[in-house]
Amino acid sequence: MILIDSSVWIDYFNGVQTPHTDWLDSSLGEKPIIIGDLVLTEVLQGFKSDKDFKIAKDLLLNIPYIAMGGQPLSLQSAINYRYLRKKGVTVRKTIDVIIGTFCIQNQFALLHCDRDFDPMVSYLGLEIVDI
């Protein structure tokens, strides 16, 4: 399974062409892509127009959904954050540590365009999509 981070979805919906959005566009309906509740919230909250919100919502609700969160994930995310801090790395957004930890625990690959995930690859074994 492949979880697509909000960093890629946001570029995708804004029409920004990158290797990540190209991969996403060619993989929709072809690869085992999922969306999590945290990513869904991050993506949809950014739309200014109701029309664009509805278009994105309709597309995203057709992608297999998985709930993220819970006490075990929260605890492991805090452990991972503290481990990275001890390595001299400060992740800017807590939600990215949660998303990365979720992928690690569930052995999902992550497609992202956000440098906060790079230390999770190096130090925690986060698997990413090779594009």
# chains A, B, ... in the order shown; residues from 1 in each chain; ligands from 1
>>> select_by_dssp(residues="chain A", states="strand (DSSP E or B)", output="MDAnalysis selection string")
chainID A and resid 2:4 33:36 65:66 109:111 128
>>> write_last_selection(atoms="N, CA, C and O atoms", output="short mmCIF file (atom, residue, chain, number, x, y, z; two decimals), in the first residue's frame")
data_model
loop_
_atom_site.label_atom_id
_atom_site.label_comp_id
_atom_site.auth_asym_id
_atom_site.auth_seq_id
_atom_site.Cartn_x
_atom_site.Cartn_y
_atom_site.Cartn_z
N ILE A 2 0.35 2.28 -0.61
CA ILE A 2 1.08 3.54 -0.72
C ILE A 2 0.19 4.66 -0.19
O ILE A 2 -0.93 4.87 -0.68
N LEU A 3 0.70 5.36 0.80
CA LEU A 3 0.00 6.52 1.34
C LEU A 3 0.58 7.76 0.65
O LEU A 3 1.80 7.91 0.56
N ILE A 4 -0.29 8.62 0.17
CA ILE A 4 0.14 9.85 -0.48
C ILE A 4 0.03 10.97 0.54
O ILE A 4 -1.05 11.22 1.09
N ILE A 33 -3.17 2.76 -3.83
CA ILE A 33 -3.05 4.05 -3.13
C ILE A 33 -4.16 4.15 -2.08
O ILE A 33 -5.30 3.78 -2.33
N ILE A 34 -3.79 4.69 -0.92
CA ILE A 34 -4.76 4.93 0.15
C ILE A 34 -4.64 6.37 0.63
O ILE A 34 -3.62 7.03 0.38
N ILE A 35 -5.67 6.81 1.32
CA ILE A 35 -5.62 8.12 1.96
C ILE A 35 -6.03 7.94 3.42
O ILE A 35 -6.93 7.16 3.73
N GLY A 36 -5.35 8.64 4.30
CA GLY A 36 -5.67 8.60 5.72
C GLY A 36 -6.43 9.84 6.15
O GLY A 36 -6.40 10.87 5.47
N TYR A 65 -9.76 4.44 2.00
CA TYR A 65 -9.53 5.25 3.20
C TYR A 65 -9.05 4.38 4.35
O TYR A 65 -9.49 3.24 4.50
N ILE A 66 -8.18 4.95 5.17
CA ILE A 66 -7.75 4.27 6.39
C ILE A 66 -7.69 5.28 7.53
O ILE A 66 -7.22 6.40 7.35
N ALA A 109 4.41 2.31 2.02
CA ALA A 109 5.33 3.27 1.42
C ALA A 109 4.64 4.64 1.43
O ALA A 109 3.41 4.74 1.41
N LEU A 110 5.45 5.69 1.45
CA LEU A 110 4.93 7.05 1.48
C LEU A 110 5.45 7.80 0.26
O LEU A 110 6.65 7.79 -0.03
N LEU A 111 4.53 8.46 -0.45
CA LEU A 111 4.92 9.39 -1.50
C LEU A 111 4.78 10.78 -0.91
O LEU A 111 3.68 11.17 -0.48
N ILE A 128 9.83 4.93 1.26
CA ILE A 128 9.24 5.92 0.39
C ILE A 128 9.12 5.36 -1.02
O ILE A 128 9.77 4.37 -1.38
#
>>> residues_around(residues="A:Asp5", least_positions_apart="4", cutoff="10 Å", atoms="only C-alpha atoms", output="list in words")
Trp9, Ile10, Ile34, Ile35, Gly36, Leu38, Val39, Leu40, Glu42, Val43, Asp96, Ile99, Gly100, Leu110, Leu111, His112, Cys113 and Asp114 of chain A
>>> select_by_dssp(residues="stretch 7-126 of chain A", states="alpha helix (DSSP H)", output="ChimeraX atom specification")
/A:7-13,19-27,37-44,50-60,71-86,94-106,118-124
>>> residues_around(residues="stretch 71-73 of chain A", least_positions_apart="3", cutoff="8 Å", atoms="only C-alpha atoms", output="ChimeraX atom specification")
/A:76-77,98,101-102
>>> atom_distance(atom1="atom CA of A:Met68", atom2="atom CA of A:Leu124")
18.6 Å
>>> residues_around(residues="A:Val89", least_positions_apart="5", cutoff="10 Å", atoms="only C-alpha atoms", output="NGL selection string")
:A and (81-84 or 116 or 119-120 or 123)
>>> decode(residues="stretch 38-69 of chain A", atoms="N, CA, C and O atoms", output="mmCIF file, in the first residue's frame")
data_model
loop_
_atom_site.group_PDB
_atom_site.id
_atom_site.type_symbol
_atom_site.label_atom_id
_atom_site.label_comp_id
_atom_site.auth_asym_id
_atom_site.auth_seq_id
_atom_site.Cartn_x
_atom_site.Cartn_y
_atom_site.Cartn_z
ATOM 1 N N LEU A 38 -5.887 11.986 8.505
ATOM 2 C CA LEU A 38 -5.072 13.176 8.754
ATOM 3 C C LEU A 38 -4.714 13.878 7.453
ATOM 4 O O LEU A 38 -4.750 15.111 7.359
ATOM 5 N N VAL A 39 -4.373 13.105 6.441
ATOM 6 C CA VAL A 39 -4.035 13.666 5.131
ATOM 7 C C VAL A 39 -5.275 14.285 4.498
ATOM 8 O O VAL A 39 -5.222 15.384 3.935
ATOM 9 N N LEU A 40 -6.392 13.597 4.594
ATOM 10 C CA LEU A 40 -7.645 14.111 4.049
ATOM 11 C C LEU A 40 -7.964 15.487 4.632
ATOM 12 O O LEU A 40 -8.312 16.427 3.906
ATOM 13 N N THR A 41 -7.818 15.617 5.929
ATOM 14 C CA THR A 41 -8.071 16.904 6.589
ATOM 15 C C THR A 41 -7.100 17.970 6.111
ATOM 16 O O THR A 41 -7.511 19.083 5.763
ATOM 17 N N GLU A 42 -5.812 17.639 6.093
ATOM 18 C CA GLU A 42 -4.802 18.619 5.667
ATOM 19 C C GLU A 42 -5.069 19.126 4.257
ATOM 20 O O GLU A 42 -4.914 20.312 3.987
ATOM 21 N N VAL A 43 -5.440 18.230 3.371
ATOM 22 C CA VAL A 43 -5.656 18.619 1.974
ATOM 23 C C VAL A 43 -6.924 19.456 1.837
ATOM 24 O O VAL A 43 -6.902 20.555 1.280
ATOM 25 N N LEU A 44 -8.037 18.965 2.359
ATOM 26 C CA LEU A 44 -9.318 19.634 2.133
ATOM 27 C C LEU A 44 -9.446 20.968 2.857
ATOM 28 O O LEU A 44 -10.142 21.866 2.376
ATOM 29 N N GLN A 45 -8.774 21.142 3.971
ATOM 30 C CA GLN A 45 -8.923 22.395 4.706
ATOM 31 C C GLN A 45 -8.327 23.590 3.959
ATOM 32 O O GLN A 45 -8.671 24.735 4.243
ATOM 33 N N GLY A 46 -7.480 23.339 2.981
ATOM 34 C CA GLY A 46 -6.808 24.427 2.287
ATOM 35 C C GLY A 46 -7.571 25.046 1.126
ATOM 36 O O GLY A 46 -7.156 26.077 0.595
ATOM 37 N N PHE A 47 -8.674 24.457 0.729
ATOM 38 C CA PHE A 47 -9.404 24.977 -0.430
ATOM 39 C C PHE A 47 -10.187 26.224 -0.067
ATOM 40 O O PHE A 47 -10.909 26.246 0.930
ATOM 41 N N LYS A 48 -10.054 27.251 -0.898
ATOM 42 C CA LYS A 48 -10.786 28.490 -0.662
ATOM 43 C C LYS A 48 -12.162 28.456 -1.307
ATOM 44 O O LYS A 48 -13.135 28.909 -0.727
ATOM 45 N N SER A 49 -12.229 27.903 -2.512
ATOM 46 C CA SER A 49 -13.516 27.900 -3.222
ATOM 47 C C SER A 49 -14.297 26.631 -2.906
ATOM 48 O O SER A 49 -13.730 25.539 -2.810
ATOM 49 N N ASP A 50 -15.599 26.789 -2.751
ATOM 50 C CA ASP A 50 -16.468 25.641 -2.485
ATOM 51 C C ASP A 50 -16.445 24.656 -3.649
ATOM 52 O O ASP A 50 -16.491 23.440 -3.446
ATOM 53 N N LYS A 51 -16.369 25.182 -4.868
ATOM 54 C CA LYS A 51 -16.346 24.331 -6.052
ATOM 55 C C LYS A 51 -15.101 23.441 -6.043
ATOM 56 O O LYS A 51 -15.193 22.231 -6.255
ATOM 57 N N ASP A 52 -13.929 24.035 -5.807
ATOM 58 C CA ASP A 52 -12.683 23.256 -5.777
ATOM 59 C C ASP A 52 -12.690 22.256 -4.620
ATOM 60 O O ASP A 52 -12.215 21.129 -4.761
ATOM 61 N N PHE A 53 -13.235 22.672 -3.478
ATOM 62 C CA PHE A 53 -13.354 21.771 -2.329
ATOM 63 C C PHE A 53 -14.171 20.543 -2.709
ATOM 64 O O PHE A 53 -13.784 19.414 -2.433
ATOM 65 N N LYS A 54 -15.315 20.756 -3.364
ATOM 66 C CA LYS A 54 -16.187 19.645 -3.730
ATOM 67 C C LYS A 54 -15.511 18.711 -4.740
ATOM 68 O O LYS A 54 -15.603 17.484 -4.604
ATOM 69 N N ILE A 55 -14.832 19.270 -5.725
ATOM 70 C CA ILE A 55 -14.134 18.444 -6.721
ATOM 71 C C ILE A 55 -13.090 17.570 -6.039
ATOM 72 O O ILE A 55 -13.011 16.362 -6.270
ATOM 73 N N ALA A 56 -12.280 18.183 -5.176
ATOM 74 C CA ALA A 56 -11.233 17.432 -4.472
ATOM 75 C C ALA A 56 -11.841 16.398 -3.532
ATOM 76 O O ALA A 56 -11.380 15.253 -3.484
ATOM 77 N N LYS A 57 -12.870 16.791 -2.806
ATOM 78 C CA LYS A 57 -13.523 15.864 -1.874
ATOM 79 C C LYS A 57 -14.065 14.647 -2.610
ATOM 80 O O LYS A 57 -13.871 13.509 -2.183
ATOM 81 N N ASP A 58 -14.728 14.874 -3.731
ATOM 82 C CA ASP A 58 -15.288 13.770 -4.502
ATOM 83 C C ASP A 58 -14.197 12.819 -4.987
ATOM 84 O O ASP A 58 -14.366 11.603 -4.940
ATOM 85 N N LEU A 59 -13.082 13.369 -5.443
ATOM 86 C CA LEU A 59 -11.983 12.518 -5.899
ATOM 87 C C LEU A 59 -11.384 11.739 -4.723
ATOM 88 O O LEU A 59 -11.194 10.520 -4.803
ATOM 89 N N LEU A 60 -11.104 12.444 -3.634
ATOM 90 C CA LEU A 60 -10.434 11.805 -2.496
ATOM 91 C C LEU A 60 -11.307 10.757 -1.810
ATOM 92 O O LEU A 60 -10.791 9.766 -1.297
ATOM 93 N N LEU A 61 -12.611 10.960 -1.816
ATOM 94 C CA LEU A 61 -13.498 9.984 -1.183
ATOM 95 C C LEU A 61 -13.656 8.711 -2.004
ATOM 96 O O LEU A 61 -14.217 7.731 -1.527
ATOM 97 N N ASN A 62 -13.130 8.710 -3.215
ATOM 98 C CA ASN A 62 -13.126 7.502 -4.043
ATOM 99 C C ASN A 62 -11.840 6.701 -3.901
ATOM 100 O O ASN A 62 -11.684 5.659 -4.532
ATOM 101 N N ILE A 63 -10.941 7.177 -3.086
ATOM 102 C CA ILE A 63 -9.686 6.475 -2.824
ATOM 103 C C ILE A 63 -9.866 5.678 -1.537
ATOM 104 O O ILE A 63 -10.456 6.178 -0.575
ATOM 105 N N PRO A 64 -9.375 4.445 -1.499
ATOM 106 C CA PRO A 64 -9.500 3.668 -0.261
ATOM 107 C C PRO A 64 -8.980 4.467 0.940
ATOM 108 O O PRO A 64 -7.907 5.068 0.895
ATOM 109 N N TYR A 65 -9.760 4.438 1.998
ATOM 110 C CA TYR A 65 -9.534 5.253 3.199
ATOM 111 C C TYR A 65 -9.054 4.377 4.352
ATOM 112 O O TYR A 65 -9.488 3.237 4.497
ATOM 113 N N ILE A 66 -8.185 4.952 5.172
ATOM 114 C CA ILE A 66 -7.754 4.265 6.386
ATOM 115 C C ILE A 66 -7.686 5.275 7.531
ATOM 116 O O ILE A 66 -7.215 6.400 7.355
ATOM 117 N N ALA A 67 -8.199 4.858 8.675
ATOM 118 C CA ALA A 67 -8.131 5.707 9.865
ATOM 119 C C ALA A 67 -6.724 5.628 10.441
ATOM 120 O O ALA A 67 -6.122 4.562 10.515
ATOM 121 N N MET A 68 -6.217 6.758 10.823
ATOM 122 C CA MET A 68 -4.886 6.846 11.435
ATOM 123 C C MET A 68 -5.099 7.329 12.871
ATOM 124 O O MET A 68 -6.095 7.968 13.170
ATOM 125 N N GLY A 69 -4.152 7.032 13.736
ATOM 126 C CA GLY A 69 -4.245 7.550 15.091
ATOM 127 C C GLY A 69 -4.383 6.456 16.128
ATOM 128 O O GLY A 69 -4.097 5.293 15.869
#
